[in-house]
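**Q** Here it is, the structure in full.
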Amino acid sequence: MASCNIYDSVSVDRLRAEFRIEPQRIRRLRTAFFKKSLGPEAALAEIPAEVRPAVRQQLKFLRLTVEKRYDSKLDGATKVLFRTTQGYLVETVILRSGSGRTSLCVSSQVGCAANCEFCATGKMGMAHDLSAAEMLDQIVVAGELLAEEGRRVRNIVFMGMGEPFHNEPSLYETVSALLDPRLFHYAPGRILISSVGIPAAMIRAAGRFPEVHLALSLHSACQDFRQQIIPLAARYSLVELRKAVERINQIQRCSVMIEYLMLAGRNDSADDAHRLVEWLKGLRVHVNLIPFNPVREAPHLKSTDRAGRDAFATILKSSGYTTTIRYSLGADIAAACGQLVQQENRKIARTIQPIEVVKPFG
């Protein structure tokens, strides 16, 4: 029998049948690996000793290897640098909040084709899809690191490198594995997919996973300015995006998160706030205001100061919209929102094969 992936339940069940392993043994293996984050060897200990070497040879656990770990000296952030089997570098961020809850920011691609002005990842000039196994590996390894601290991954956000909906099939395979009771068994409300705004894909995701949260990186309710900072906005207008959020509100009971990056002198005026309020009318949303984290690739952009963010939030709240101001973690290790980048991937790509930029579905 050919090797099988730990995330492929059908193949694992075939492996169980081939070696005549009792079903409860496989259940304990899965619990040890997916839910207790004990690692491959501890999971394999659940397999009978007489067939364990053969199973170990055929059952493949991880495709990513840990290249380096960076721990923030300012807050509870850890950035894990992974290397894929092709040699690409991928970053994942563990966020430990003061409340004790731990979130994991997962990457869906190497690089990003969206090329947003404010984001270092998009400046890599490439986009390469990660497989579902490579996305799930990020979660498994983070779980093992946190288990050593007596913590576990509570929330999973697809906000790392890449536009998740440019890698739609692998994204859906990943989310399905996270929800699967045989595997990770996460509550759907603890998973969030963030998109720069691909309307048809967002609607498809809402239909397929109605309880999984969606976030729209809006950043401006002015079409001209949005196109300046998000090139993809020229293809998907604010009118289309608003219709998409309306449709998602019909499908889902949870609110759509509207992410709004606060850029000093660019999109943070009272007029900008009122324009956003007008765009949001009738929508069930939660607005999240995000401080801009400096990136070398955009030295001309500055973050709105705290007083400005508070004033902007006051206008939104007085108009009846739930509004929060995100506290960024990991700035000192370039792990904050928009800072994930590995320029080495450009060189790696040239040695492997030409990179084809992934086009969005729909």
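Residue numbering restarts at 1 in every chain; chains get A, B, ... in the order shown in the structure tokens, and ligands count up from 1 in that same order.
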Near stretch 232-241 of chain A, within 9 Å and counting only C-alpha atoms, which residues show up once chain neighbours fewer than 5 positions away are dropped, as a PyMOL selection string?
**A** chain A and resi 113-116+196-199+216+218+221-224+226-227+246+279
**Q** Selection from above, N, CA, C and O atoms, as a tab-separated table (two decimals), in the first residue's frame, can you write it?
**A**
chain	number	residue	atom	x	y	z
A	113	ALA	N	-1.03	37.21	-4.29
A	113	ALA	CA	-1.25	37.89	-5.57
A	113	ALA	C	-2.03	39.18	-5.42
A	113	ALA	O	-2.11	39.97	-6.37
A	114	ALA	N	-2.62	39.43	-4.24
A	114	ALA	CA	-3.44	40.64	-4.07
A	114	ALA	C	-2.60	41.91	-4.13
A	114	ALA	O	-3.09	42.96	-4.54
A	115	ASN	N	-1.35	41.85	-3.67
A	115	ASN	CA	-0.40	42.96	-3.78
A	115	ASN	C	-0.93	44.26	-3.16
A	115	ASN	O	-0.80	45.34	-3.74
A	116	CYS	N	-1.51	44.17	-1.98
A	116	CYS	CA	-2.02	45.37	-1.31
A	116	CYS	C	-0.85	46.28	-0.93
A	116	CYS	O	0.22	45.83	-0.55
A	196	VAL	N	-9.60	39.76	1.27
A	196	VAL	CA	-9.49	41.13	0.80
A	196	VAL	C	-10.75	41.53	0.02
A	196	VAL	O	-10.96	42.70	-0.26
A	197	GLY	N	-11.58	40.55	-0.29
A	197	GLY	CA	-12.86	40.86	-0.91
A	197	GLY	C	-13.07	40.21	-2.26
A	197	GLY	O	-12.91	40.84	-3.31
A	198	ILE	N	-13.42	38.91	-2.27
A	198	ILE	CA	-13.75	38.17	-3.49
A	198	ILE	C	-15.18	37.70	-3.31
A	198	ILE	O	-15.44	36.67	-2.68
A	199	PRO	N	-16.15	38.45	-3.82
A	199	PRO	CA	-17.56	38.26	-3.46
A	199	PRO	C	-18.10	36.85	-3.65
A	199	PRO	O	-18.66	36.27	-2.71
A	216	LEU	N	-14.09	40.65	6.07
A	216	LEU	CA	-13.81	41.39	4.84
A	216	LEU	C	-12.83	42.52	5.15
A	216	LEU	O	-13.11	43.38	5.98
A	218	LEU	N	-11.95	45.61	4.33
A	218	LEU	CA	-12.54	46.70	3.55
A	218	LEU	C	-11.58	47.88	3.44
A	218	LEU	O	-11.24	48.34	2.34
A	221	ALA	N	-14.40	52.96	2.41
A	221	ALA	CA	-15.70	52.95	1.73
A	221	ALA	C	-15.69	53.89	0.53
A	221	ALA	O	-16.73	54.27	0.03
A	222	CYS	N	-14.49	54.26	0.10
A	222	CYS	CA	-14.31	55.10	-1.09
A	222	CYS	C	-13.67	54.23	-2.18
A	222	CYS	O	-12.55	53.73	-2.00
A	223	GLN	N	-14.37	54.03	-3.29
A	223	GLN	CA	-13.89	53.12	-4.32
A	223	GLN	C	-12.52	53.53	-4.87
A	223	GLN	O	-11.63	52.71	-5.02
A	224	ASP	N	-12.34	54.80	-5.14
A	224	ASP	CA	-11.07	55.27	-5.72
A	224	ASP	C	-9.90	54.99	-4.78
A	224	ASP	O	-8.85	54.49	-5.21
A	226	ARG	N	-9.81	52.87	-2.27
A	226	ARG	CA	-9.65	51.43	-2.05
A	226	ARG	C	-8.85	50.79	-3.18
A	226	ARG	O	-8.02	49.91	-2.96
A	227	GLN	N	-9.07	51.25	-4.39
A	227	GLN	CA	-8.30	50.73	-5.52
A	227	GLN	C	-6.83	51.12	-5.44
A	227	GLN	O	-5.96	50.39	-5.92
A	246	GLU	N	-24.57	41.39	2.14
A	246	GLU	CA	-26.03	41.22	2.31
A	246	GLU	C	-26.41	39.76	2.17
A	246	GLU	O	-27.19	39.22	2.96
A	279	TRP	N	-22.09	53.07	4.09
A	279	TRP	CA	-21.90	51.80	3.37
A	279	TRP	C	-22.43	50.62	4.18
A	279	TRP	O	-22.93	49.64	3.62
**Q** Among stretch 114-320 of chain A, which residues carry a DSSP assignment of strand (DSSP E), reported as a PyMOL selection string?
**A** chain A and resi 127-129+155-158+191-195+213-217+256-262+285-291
**Q** So that I can check the surroundings of A:Tyr186, please list as a PyMOL selection string every protein, DNA and RNA residue that reaches within 10 Å of it, counting only C-alpha atoms and ignoring chain neighbours fewer than 4 positions away.
**A** chain A and resi 35+153-156+175-181+190-191
**Q** So that I can see what lies close to A:Ser108, please list as a list in words the residues with an atom at most 9 Å from it, counting only C-alpha atoms and leaving out residues fewer than 4 positions away in the same chain.
**A**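 Here the answer would be His128, Asp129, Leu130, Ser131, Ala132, Glu134, Met135, Phe158, Met159, Gly160, Met161, Gly162, Glu163, Pro164, Phe165, His166, Asn167, Ser170 and Leu171 of chain A.
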**Q** Which residue out of A:Thr304, A:Gln24, A:Ser3, A:Ser37 has the minimum interatomic distance to A:Lys60 when only C-alpha atoms are used?
**A**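 The answer is A:Ser3, which sits nearest to A:Lys60.
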